[in-house]
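Engineer: Below is the file my_file_32.tsv, with TSV, C-alpha atoms.
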chain	number	residue	atom	x	y	z
A	13	MET	CA	0.00	0.00	0.00
A	14	ALA	CA	1.30	3.38	-0.99
A	15	GLU	CA	2.08	5.49	2.03
A	16	LEU	CA	0.71	8.96	2.23
A	17	ARG	CA	3.64	11.38	2.16
A	18	VAL	CA	3.02	14.15	4.65
A	19	ASN	CA	4.89	16.86	6.50
A	20	PRO	CA	5.31	15.84	10.13
A	21	THR	CA	3.66	18.88	11.60
A	22	ARG	CA	0.92	19.28	14.13
A	23	MET	CA	-1.11	21.22	11.58
A	24	GLU	CA	-0.96	18.37	9.10
A	25	MET	CA	-1.91	15.87	11.77
A	26	LYS	CA	-4.99	17.84	12.72
A	27	LYS	CA	-6.02	17.99	9.09
A	28	LEU	CA	-5.52	14.24	8.67
A	29	GLN	CA	-7.45	13.50	11.82
A	30	ALA	CA	-10.37	15.54	10.53
A	31	ARG	CA	-10.23	13.69	7.23
A	32	TYR	CA	-10.11	10.36	9.00
A	33	THR	CA	-13.21	11.24	11.01
A	34	THR	CA	-15.05	12.21	7.84
A	35	ALA	CA	-13.93	9.05	6.10
A	36	ARG	CA	-15.13	6.94	9.00
A	37	ARG	CA	-18.51	8.63	9.01
A	38	GLY	CA	-18.80	8.29	5.23
A	39	HIS	CA	-17.83	4.67	5.45
A	40	LYS	CA	-20.52	3.94	7.98
A	41	LEU	CA	-23.17	5.76	5.94
A	42	LEU	CA	-22.17	4.07	2.70
A	43	LYS	CA	-22.18	0.70	4.37
A	44	ASP	CA	-25.72	1.30	5.58
A	45	LYS	CA	-26.69	2.42	2.08
A	46	ARG	CA	-25.17	-0.69	0.58
A	47	ASP	CA	-27.01	-2.95	3.00
A	48	GLU	CA	-30.36	-1.30	2.33
A	49	LEU	CA	-29.81	-1.34	-1.44
A	50	MET	CA	-28.92	-4.98	-1.24
A	51	LYS	CA	-32.08	-5.76	0.68
A	52	GLN	CA	-34.27	-4.01	-1.87
A	53	PHE	CA	-32.33	-5.52	-4.74
A	54	LEU	CA	-32.86	-9.02	-3.46
A	55	ASP	CA	-36.60	-8.40	-3.11
A	56	VAL	CA	-36.75	-7.13	-6.67
A	57	VAL	CA	-34.72	-9.99	-8.06
A	58	ARG	CA	-36.78	-12.62	-6.26
A	59	GLU	CA	-40.01	-11.18	-7.58
A	60	ASP	CA	-38.52	-10.81	-11.03
A	61	LYS	CA	-37.38	-14.41	-11.07
A	62	ALA	CA	-40.82	-15.72	-10.17
A	63	LEU	CA	-42.45	-13.42	-12.69
A	64	ARG	CA	-40.11	-14.41	-15.47
A	65	GLU	CA	-40.82	-18.07	-14.89
A	66	ARG	CA	-44.54	-17.40	-15.14
A	67	VAL	CA	-44.23	-15.16	-18.20
A	68	GLU	CA	-41.98	-17.60	-20.02
A	69	ASN	CA	-44.46	-20.39	-19.39
A	70	SER	CA	-47.36	-18.34	-20.68
A	71	LEU	CA	-45.41	-17.15	-23.70
A	72	ASP	CA	-44.58	-20.73	-24.47
A	73	LYS	CA	-48.28	-21.59	-24.40
A	74	PHE	CA	-49.05	-18.58	-26.57
A	75	TYR	CA	-46.44	-19.52	-29.16
A	76	ARG	CA	-47.69	-23.07	-29.28
A	77	GLY	CA	-51.25	-21.92	-29.90
A	78	PHE	CA	-50.05	-19.36	-32.38
A	79	THR	CA	-48.05	-21.90	-34.34
A	80	VAL	CA	-51.08	-24.12	-34.63
A	81	ALA	CA	-53.17	-21.15	-35.67
A	82	SER	CA	-50.71	-20.04	-38.29
A	83	ALA	CA	-50.50	-23.56	-39.64
A	84	ALA	CA	-54.26	-23.76	-39.90
A	85	THR	CA	-54.76	-20.32	-41.38
A	86	ASN	CA	-53.72	-18.87	-44.66
A	87	PRO	CA	-50.64	-16.69	-43.86
A	88	GLN	CA	-52.13	-13.73	-45.65
A	89	MET	CA	-55.34	-14.08	-43.74
A	90	LEU	CA	-53.43	-14.32	-40.51
A	91	GLU	CA	-51.51	-11.18	-41.19
A	92	GLU	CA	-54.61	-9.41	-42.30
A	93	ALA	CA	-56.30	-10.35	-39.06
A	94	LEU	CA	-53.47	-9.01	-36.94
A	95	ILE	CA	-52.06	-6.13	-38.88
A	96	CYS	CA	-54.67	-3.60	-37.99
A	97	PRO	CA	-55.20	-3.63	-34.24
A	98	LYS	CA	-57.99	-1.55	-32.86
A	99	LYS	CA	-55.97	-0.56	-29.88
A	100	THR	CA	-52.59	0.98	-29.37
A	101	ALA	CA	-50.61	0.32	-26.27
A	102	SER	CA	-48.86	3.25	-24.74
A	103	ILE	CA	-47.21	3.57	-21.40
A	104	GLY	CA	-46.92	6.39	-19.01
A	105	VAL	CA	-43.63	6.51	-17.19
A	106	GLU	CA	-43.19	7.77	-13.69
A	107	TYR	CA	-39.93	7.87	-11.88
A	108	LYS	CA	-39.47	6.61	-8.39
A	109	ASN	CA	-36.57	7.40	-6.16
A	110	MET	CA	-35.32	4.19	-4.62
A	111	MET	CA	-32.40	4.94	-2.29
A	112	SER	CA	-31.39	7.78	-4.63
A	113	VAL	CA	-31.53	5.48	-7.64
A	114	ILE	CA	-34.06	6.79	-10.11
A	115	VAL	CA	-36.09	3.86	-11.38
A	116	PRO	CA	-38.94	3.99	-13.89
A	117	ARG	CA	-42.45	2.78	-13.19
A	118	PHE	CA	-44.62	1.87	-16.10
A	119	ASP	CA	-48.30	2.46	-16.35
A	120	MET	CA	-50.16	0.86	-19.21
A	121	ASN	CA	-52.79	2.66	-21.25
A	122	PHE	CA	-54.74	1.47	-24.20
A	123	THR	CA	-56.29	3.76	-26.69
A	124	GLY	CA	-58.52	2.72	-29.52
A	125	ALA	CA	-61.91	1.26	-30.27
A	126	ASN	CA	-61.43	-2.18	-28.78
A	127	THR	CA	-59.38	-2.05	-25.63
A	128	GLY	CA	-60.61	-5.34	-24.25
A	129	ASP	CA	-59.29	-8.67	-25.51
A	130	GLY	CA	-56.81	-8.63	-28.34
A	131	ILE	CA	-59.26	-9.83	-30.94
A	132	ASN	CA	-59.82	-7.35	-33.68
A	133	TYR	CA	-60.80	-9.50	-36.61
A	134	GLY	CA	-63.72	-11.35	-37.96
A	135	MET	CA	-63.96	-14.95	-36.85
A	136	ALA	CA	-64.72	-16.31	-40.29
A	137	PHE	CA	-61.24	-16.79	-41.72
A	138	THR	CA	-59.19	-17.48	-38.65
A	139	SER	CA	-58.94	-20.52	-36.46
A	140	GLY	CA	-60.05	-20.79	-32.87
A	141	GLU	CA	-56.50	-21.39	-31.70
A	142	LEU	CA	-55.63	-17.84	-32.67
A	143	ASP	CA	-58.31	-16.44	-30.39
A	144	ALA	CA	-57.16	-18.64	-27.54
A	145	SER	CA	-53.51	-17.84	-27.94
A	146	LEU	CA	-54.15	-14.13	-28.22
A	147	SER	CA	-56.23	-14.10	-25.10
A	148	GLU	CA	-53.39	-15.94	-23.35
A	149	LEU	CA	-51.03	-13.20	-24.50
A	150	ASN	CA	-53.47	-10.54	-23.46
A	151	GLY	CA	-53.57	-12.09	-20.01
A	152	ILE	CA	-49.86	-11.68	-19.42
A	153	MET	CA	-49.65	-8.06	-20.57
A	154	GLU	CA	-49.52	-6.75	-17.03
A	155	ASP	CA	-46.91	-9.31	-16.06
A	156	LEU	CA	-44.77	-8.48	-19.07
A	157	LEU	CA	-44.82	-4.85	-18.14
A	158	ARG	CA	-44.08	-5.50	-14.51
A	159	MET	CA	-41.23	-7.78	-15.55
A	160	SER	CA	-39.67	-5.03	-17.66
A	161	GLU	CA	-40.00	-2.65	-14.77
A	162	LEU	CA	-38.42	-5.06	-12.33
A	163	GLU	CA	-35.57	-6.00	-14.64
A	164	LYS	CA	-34.74	-2.38	-15.29
A	165	THR	CA	-34.90	-1.69	-11.56
A	166	ALA	CA	-32.64	-4.64	-10.88
A	167	GLN	CA	-30.09	-3.47	-13.44
A	168	LEU	CA	-30.03	0.06	-12.09
A	169	LEU	CA	-29.82	-1.11	-8.50
A	170	ALA	CA	-27.05	-3.54	-9.39
A	171	GLU	CA	-25.02	-0.71	-10.85
A	172	GLU	CA	-25.54	1.44	-7.78
A	173	ILE	CA	-24.70	-1.42	-5.43
A	174	GLU	CA	-21.52	-2.11	-7.34
A	175	LYS	CA	-20.50	1.53	-7.11
A	176	THR	CA	-21.34	1.75	-3.43
A	177	ARG	CA	-19.50	-1.46	-2.69
A	178	ARG	CA	-16.38	-0.14	-4.37
A	179	ARG	CA	-16.61	3.06	-2.40
A	180	VAL	CA	-17.07	1.23	0.89
A	181	ASN	CA	-14.11	-1.01	0.15
A	182	ALA	CA	-11.91	1.86	-0.97
A	183	LEU	CA	-12.66	3.73	2.24
A	184	GLU	CA	-12.28	0.71	4.46
A	185	TYR	CA	-9.16	-0.83	2.97
A	186	ILE	CA	-7.29	2.07	1.35
A	187	MET	CA	-8.23	5.50	2.60
A	188	MET	CA	-8.76	4.85	6.29
A	189	PRO	CA	-5.61	2.75	6.85
A	190	GLN	CA	-3.62	5.34	4.91
A	191	TYR	CA	-4.85	8.14	7.11
A	192	LEU	CA	-4.25	6.11	10.23
A	193	SER	CA	-0.71	5.22	9.29
A	194	ALA	CA	0.05	8.81	8.26
A	195	ILE	CA	-1.29	10.06	11.58
A	196	LYS	CA	0.79	7.47	13.39
A	197	THR	CA	3.92	8.46	11.49
A	198	ILE	CA	3.43	12.12	12.32
A	199	LYS	CA	2.76	11.32	15.95
A	200	MET	CA	5.91	9.27	16.20
A	201	LYS	CA	7.95	11.97	14.52
A	202	LEU	CA	6.54	14.60	16.85
A	203	ASP	CA	7.15	12.43	19.93
A	204	GLU	CA	10.65	11.78	18.74
A	205	ASN	CA	11.23	15.51	18.35
A	206	GLU	CA	9.81	16.06	21.80
A	207	ARG	CA	12.11	13.47	23.32
A	208	GLY	CA	15.03	14.94	21.39
A	209	ASN	CA	14.15	18.31	22.81
A	210	THR	CA	13.91	17.04	26.39
A	211	THR	CA	17.23	15.24	26.13
A	212	ARG	CA	18.85	18.31	24.66
A	213	LEU	CA	17.49	20.44	27.46
A	214	MET	CA	18.68	17.98	30.07
A	215	LYS	CA	22.07	17.86	28.44
A	216	VAL	CA	22.29	21.64	28.29
A	217	LYS	CA	21.20	21.87	31.92
A	218	ASP	CA	23.86	19.33	32.87
A	219	MET	CA	26.47	21.29	31.01
A	220	MET	CA	25.39	24.51	32.65
A	221	LEU	CA	25.47	22.92	36.11
A	222	LYS	CA	28.89	21.48	35.39
A	223	ALA	CA	30.12	24.85	34.25
A	224	GLN	CA	28.72	26.51	37.36
A	225	LEU	CA	30.31	23.86	39.61
A	226	GLU	CA	33.65	24.24	37.92
A	227	GLN	CA	33.43	28.00	38.34
A	228	LYS	CA	32.63	27.57	42.04
A	229	HIS	CA	35.54	25.16	42.56
A	230	GLY	CA	37.84	27.56	40.75
A	231	GLU	CA	36.80	30.42	43.02
A	232	GLU	CA	37.33	28.27	46.16
A	233	ASP	CA	40.77	27.15	44.98
A	234	GLU	CA	41.81	30.74	44.54
B	1	MET	CA	-46.74	8.77	-23.43
B	2	TYR	CA	-44.28	6.19	-24.66
B	3	LYS	CA	-44.67	3.30	-27.03
B	4	ILE	CA	-43.81	-0.35	-26.54
B	5	GLY	CA	-41.63	-1.86	-29.21
B	6	ILE	CA	-40.85	-5.44	-29.99
B	7	ILE	CA	-38.07	-6.75	-32.19
B	8	GLY	CA	-37.82	-10.29	-33.43
B	9	GLU	CA	-38.34	-12.61	-36.33
B	10	ARG	CA	-41.68	-12.47	-38.05
B	11	ASP	CA	-43.31	-15.53	-36.53
B	12	SER	CA	-42.43	-14.58	-32.99
B	13	VAL	CA	-43.60	-11.01	-33.05
B	14	LEU	CA	-46.67	-11.12	-35.27
B	15	GLY	CA	-48.98	-11.97	-32.41
B	16	PHE	CA	-47.95	-8.90	-30.46
B	17	MET	CA	-49.49	-6.73	-33.12
B	18	ALA	CA	-52.90	-7.54	-31.75
B	19	LEU	CA	-51.89	-6.09	-28.39
B	20	GLY	CA	-51.08	-2.76	-29.95
B	21	PHE	CA	-47.31	-3.07	-29.63
B	22	SER	CA	-45.23	-1.44	-32.26
B	23	VAL	CA	-43.86	-4.50	-33.99
B	24	HIS	CA	-40.55	-4.51	-35.83
B	25	GLU	CA	-39.59	-7.54	-37.81
B	26	ALA	CA	-35.95	-8.39	-38.20
B	27	GLU	CA	-34.84	-11.23	-40.41
B	28	ASN	CA	-31.34	-11.34	-38.99
B	29	ALA	CA	-29.28	-10.04	-36.08
B	30	SER	CA	-27.75	-7.09	-37.91
B	31	VAL	CA	-31.17	-5.79	-38.87
B	32	ALA	CA	-32.22	-6.30	-35.27
B	33	GLU	CA	-29.20	-4.35	-34.10
B	34	ARG	CA	-30.01	-1.44	-36.37
B	35	LEU	CA	-33.64	-1.49	-35.25
B	36	LEU	CA	-32.65	-1.65	-31.62
B	37	HIS	CA	-30.52	1.47	-31.85
B	38	THR	CA	-33.08	3.35	-33.91
B	39	LEU	CA	-35.84	2.60	-31.43
B	40	ALA	CA	-33.73	3.25	-28.37
B	41	LYS	CA	-32.40	6.54	-29.66
B	42	SER	CA	-35.74	7.81	-30.89
B	43	GLY	CA	-36.80	8.37	-27.30
B	44	GLU	CA	-40.33	7.30	-28.08
B	45	TYR	CA	-40.05	3.87	-26.57
B	46	ALA	CA	-40.13	3.11	-22.87
B	47	ILE	CA	-39.90	-0.64	-23.27
B	48	ILE	CA	-38.33	-2.60	-26.08
B	49	TYR	CA	-38.86	-6.33	-26.04
B	50	ILE	CA	-36.33	-8.31	-27.95
B	51	VAL	CA	-36.56	-11.96	-28.82
B	52	GLU	CA	-33.99	-14.19	-27.18
B	53	ASN	CA	-32.08	-15.51	-30.18
B	54	TYR	CA	-31.25	-11.97	-31.31
B	55	ALA	CA	-30.62	-10.79	-27.78
B	56	VAL	CA	-27.89	-13.39	-27.40
B	57	GLU	CA	-26.07	-12.01	-30.42
B	58	LEU	CA	-26.65	-8.39	-29.46
B	59	GLU	CA	-25.56	-8.76	-25.88
B	60	ASN	CA	-23.01	-5.94	-26.07
B	61	GLU	CA	-25.41	-3.61	-27.80
B	62	ILE	CA	-28.10	-4.22	-25.20
B	63	ALA	CA	-25.60	-3.67	-22.42
B	64	LYS	CA	-25.16	-0.09	-23.62
B	65	TYR	CA	-28.66	0.71	-22.39
B	66	LYS	CA	-28.32	-1.13	-19.11
B	67	ASP	CA	-27.52	1.83	-16.91
B	68	VAL	CA	-29.98	4.39	-18.24
B	69	PRO	CA	-33.54	4.53	-16.89
B	70	LEU	CA	-35.16	4.42	-20.33
B	71	PRO	CA	-35.63	2.45	-22.49
B	72	ALA	CA	-36.00	-0.80	-20.61
B	73	ILE	CA	-34.83	-3.56	-22.89
B	74	THR	CA	-36.36	-6.86	-21.90
B	75	VAL	CA	-35.54	-10.20	-23.37
B	76	ILE	CA	-38.44	-12.54	-24.06
B	77	PRO	CA	-38.37	-16.05	-25.44
B	78	GLY	CA	-39.18	-16.45	-29.11
B	79	MET	CA	-41.05	-18.99	-31.15
B	80	SER	CA	-38.39	-21.61	-30.59
B	81	GLY	CA	-38.85	-21.52	-26.82
B	82	THR	CA	-36.53	-20.28	-24.17
B	83	ASN	CA	-32.86	-21.07	-23.85
B	84	GLY	CA	-32.61	-19.58	-20.39
B	85	TYR	CA	-30.97	-16.39	-21.57
B	86	GLY	CA	-33.48	-14.13	-19.83
B	87	MET	CA	-32.93	-15.94	-16.55
B	88	ALA	CA	-29.18	-15.74	-17.06
B	89	ASN	CA	-29.56	-11.97	-17.31
B	90	ILE	CA	-31.17	-11.75	-13.89
B	91	LYS	CA	-28.45	-13.99	-12.59
B	92	SER	CA	-25.70	-11.79	-13.95
B	93	ALA	CA	-27.34	-8.69	-12.45
B	94	ALA	CA	-27.41	-10.46	-9.10
B	95	GLN	CA	-23.81	-11.46	-9.52
B	96	ARG	CA	-22.82	-7.93	-10.36
B	97	ALA	CA	-24.52	-6.58	-7.26
B	98	VAL	CA	-23.70	-9.20	-4.70
B	99	GLY	CA	-20.36	-10.28	-6.09
B	100	ALA	CA	-21.36	-13.91	-5.92
B	101	ASP	CA	-24.23	-15.99	-7.10
B	102	ILE	CA	-26.41	-16.43	-4.05
B	103	LEU	CA	-29.87	-16.68	-5.54
B	104	PHE	CA	-29.62	-19.33	-8.17
B	105	LYS	CA	-27.82	-22.09	-6.41
B	106	ASP	CA	-30.23	-24.80	-7.44
Step by step, read the file and then write its structure as structure tokens.

Structural biologist:
Amino acid sequence: MAELRVNPTRMEMKKLQARYTTARRGHKLLKDKRDELMKQFLDVVREDKALRERVENSLDKFYRGFTVASAATNPQMLEEALICPKKTASIGVEYKNMMSVIVPRFDMNFTGANTGDGINYGMAFTSGELDASLSELNGIMEDLLRMSELEKTAQLLAEEIEKTRRRVNALEYIMMPQYLSAIKTIKMKLDENERGNTTRLMKVKDMMLKAQLEQKHGEEDE
Amino acid sequence: MYKIGIIGERDSVLGFMALGFSVHEAENASVAERLLHTLAKSGEYAIIYIVENYAVELENEIAKYKDVPLPAITVIPGMSGTNGYGMANIKSAAQRAVGADILFKD
């Protein structure tokens, strides 16, 4: 680990101590943030996983029905039946703040003449399987939307968690130890100076006493 | 108001027309890639569904939109059924966040 190079002064030490306190507070806050994000993320992912299983099953059923329908129907007829839907799906998007991660929330709206089932064609030239498979698809609309929402949320949260985790680790394993060791170095340097000073003073005092004694002896001898 | 787009091969996406999605057929992955970027950059789409077999090939392209709130690009299985790619996506998000796979240890 690269040592922080600092001047061994009291001023510098005070500055470093202040920075260490801030780092420690930041570390604690970020750790709390990470834990809470993780909790919410896991909830989202669990729900998403269950939803995806359900949606994939339903889609599978839909495709199966649709394949049968398209086999039984003239392809042109099939396209004709589907190409002109009487409804248009549009979504309103709201943003939600989830632990300072902005996540979208989708709200489905249909506009058009027939906003009910997905069947917008005459029954004469299409097979019954088509109706069934389309109503299956219609049934999972909400789930599809919710799944998109959850997956987006999960991706955004994952990014934020990754960032926060890096920050927490950088503070815990790089910044804080660096500050601590720099503070320790300065303290040791200062103590050393202090001891040097004391010894010097003692030495000087000794020398002065010696000089005084010698002077006294000299006077007595005379 | 935003639209919902879907990209995939003809057979897989035709049915979604009836739901009022804006359906975009792509006969191969490079067409799908072009469509994906056009739709995503138009700003009109909040959700773009993309069929699995193209999504696998366009993984890097899809990843570009991972960290922005819109559009949400969601992978759905196509006509040929699922190959688990959608689930693998959730798994990789979990891995990215947690650092280890803790949810899918089946």

Engineer: Give me, as a PyMOL selection string, the residues of chain B touching chain A, with the criterion being at most 8 Å (counting all atoms listed in the file).

Structural biologist: chain B and resi 1-4+12+14-21+46-47+66-70+72-74+76-79+81-82+86-87+90+93-94+96-98

Engineer: Mind dumping the selected residues with C-alpha atoms as a PDB file, keeping the file's coordinate frame?

Structural biologist:
ATOM      1  CA  MET B   1     -46.740   8.770 -23.430  1.00  0.00           C
ATOM      2  CA  TYR B   2     -44.280   6.190 -24.660  1.00  0.00           C
ATOM      3  CA  LYS B   3     -44.670   3.300 -27.030  1.00  0.00           C
ATOM      4  CA  ILE B   4     -43.810  -0.350 -26.540  1.00  0.00           C
ATOM      5  CA  SER B  12     -42.430 -14.580 -32.990  1.00  0.00           C
ATOM      6  CA  LEU B  14     -46.670 -11.120 -35.270  1.00  0.00           C
ATOM      7  CA  GLY B  15     -48.980 -11.970 -32.410  1.00  0.00           C
ATOM      8  CA  PHE B  16     -47.950  -8.900 -30.460  1.00  0.00           C
ATOM      9  CA  MET B  17     -49.490  -6.730 -33.120  1.00  0.00           C
ATOM     10  CA  ALA B  18     -52.900  -7.540 -31.750  1.00  0.00           C
ATOM     11  CA  LEU B  19     -51.890  -6.090 -28.390  1.00  0.00           C
ATOM     12  CA  GLY B  20     -51.080  -2.760 -29.950  1.00  0.00           C
ATOM     13  CA  PHE B  21     -47.310  -3.070 -29.630  1.00  0.00           C
ATOM     14  CA  ALA B  46     -40.130   3.110 -22.870  1.00  0.00           C
ATOM     15  CA  ILE B  47     -39.900  -0.640 -23.270  1.00  0.00           C
ATOM     16  CA  LYS B  66     -28.320  -1.130 -19.110  1.00  0.00           C
ATOM     17  CA  ASP B  67     -27.520   1.830 -16.910  1.00  0.00           C
ATOM     18  CA  VAL B  68     -29.980   4.390 -18.240  1.00  0.00           C
ATOM     19  CA  PRO B  69     -33.540   4.530 -16.890  1.00  0.00           C
ATOM     20  CA  LEU B  70     -35.160   4.420 -20.330  1.00  0.00           C
ATOM     21  CA  ALA B  72     -36.000  -0.800 -20.610  1.00  0.00           C
ATOM     22  CA  ILE B  73     -34.830  -3.560 -22.890  1.00  0.00           C
ATOM     23  CA  THR B  74     -36.360  -6.860 -21.900  1.00  0.00           C
ATOM     24  CA  ILE B  76     -38.440 -12.540 -24.060  1.00  0.00           C
ATOM     25  CA  PRO B  77     -38.370 -16.050 -25.440  1.00  0.00           C
ATOM     26  CA  GLY B  78     -39.180 -16.450 -29.110  1.00  0.00           C
ATOM     27  CA  MET B  79     -41.050 -18.990 -31.150  1.00  0.00           C
ATOM     28  CA  GLY B  81     -38.850 -21.520 -26.820  1.00  0.00           C
ATOM     29  CA  THR B  82     -36.530 -20.280 -24.170  1.00  0.00           C
ATOM     30  CA  GLY B  86     -33.480 -14.130 -19.830  1.00  0.00           C
ATOM     31  CA  MET B  87     -32.930 -15.940 -16.550  1.00  0.00           C
ATOM     32  CA  ILE B  90     -31.170 -11.750 -13.890  1.00  0.00           C
ATOM     33  CA  ALA B  93     -27.340  -8.690 -12.450  1.00  0.00           C
ATOM     34  CA  ALA B  94     -27.410 -10.460  -9.100  1.00  0.00           C
ATOM     35  CA  ARG B  96     -22.820  -7.930 -10.360  1.00  0.00           C
ATOM     36  CA  ALA B  97     -24.520  -6.580  -7.260  1.00  0.00           C
ATOM     37  CA  VAL B  98     -23.700  -9.200  -4.700  1.00  0.00           C
TER      38      VAL B  98
END

Engineer: By how many Å are CA of Lys40 in chain A and CA of Ala194 in chain A apart?

Structural biologist: 21.1 Å

Engineer: Point out the residue among A:Arg178, A:His229, A:Ser193, A:Ile186 with the least atom-to-atom distance to Gly99 in chain B, counting all atoms listed in the file.

Structural biologist: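 Among the listed residues, the smallest separation from Gly99 in chain B belongs to A:Arg178.
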
Engineer: What is the CA of Glu148 in chain A to CA of Ser70 in chain A distance in Å?

Structural biologist: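 Computed distance, CA of Glu148 in chain A to CA of Ser70 in chain A, equals 7.0 Å.
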
Engineer: Figure out the distance between CA of Tyr45 in chain B and CA of Pro71 in chain B, please, to one decimal in Å.

Structural biologist: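 Value for the CA of Pro71 in chain B-CA of Tyr45 in chain B distance: 6.2 Å.
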
Engineer: Point out the residue among A:Asn86, A:Ala182, A:Gly140, A:Asp44 with the least atom-to-atom distance to Met111 in chain A, counting all atoms listed in the file.

Structural biologist: A:Asp44
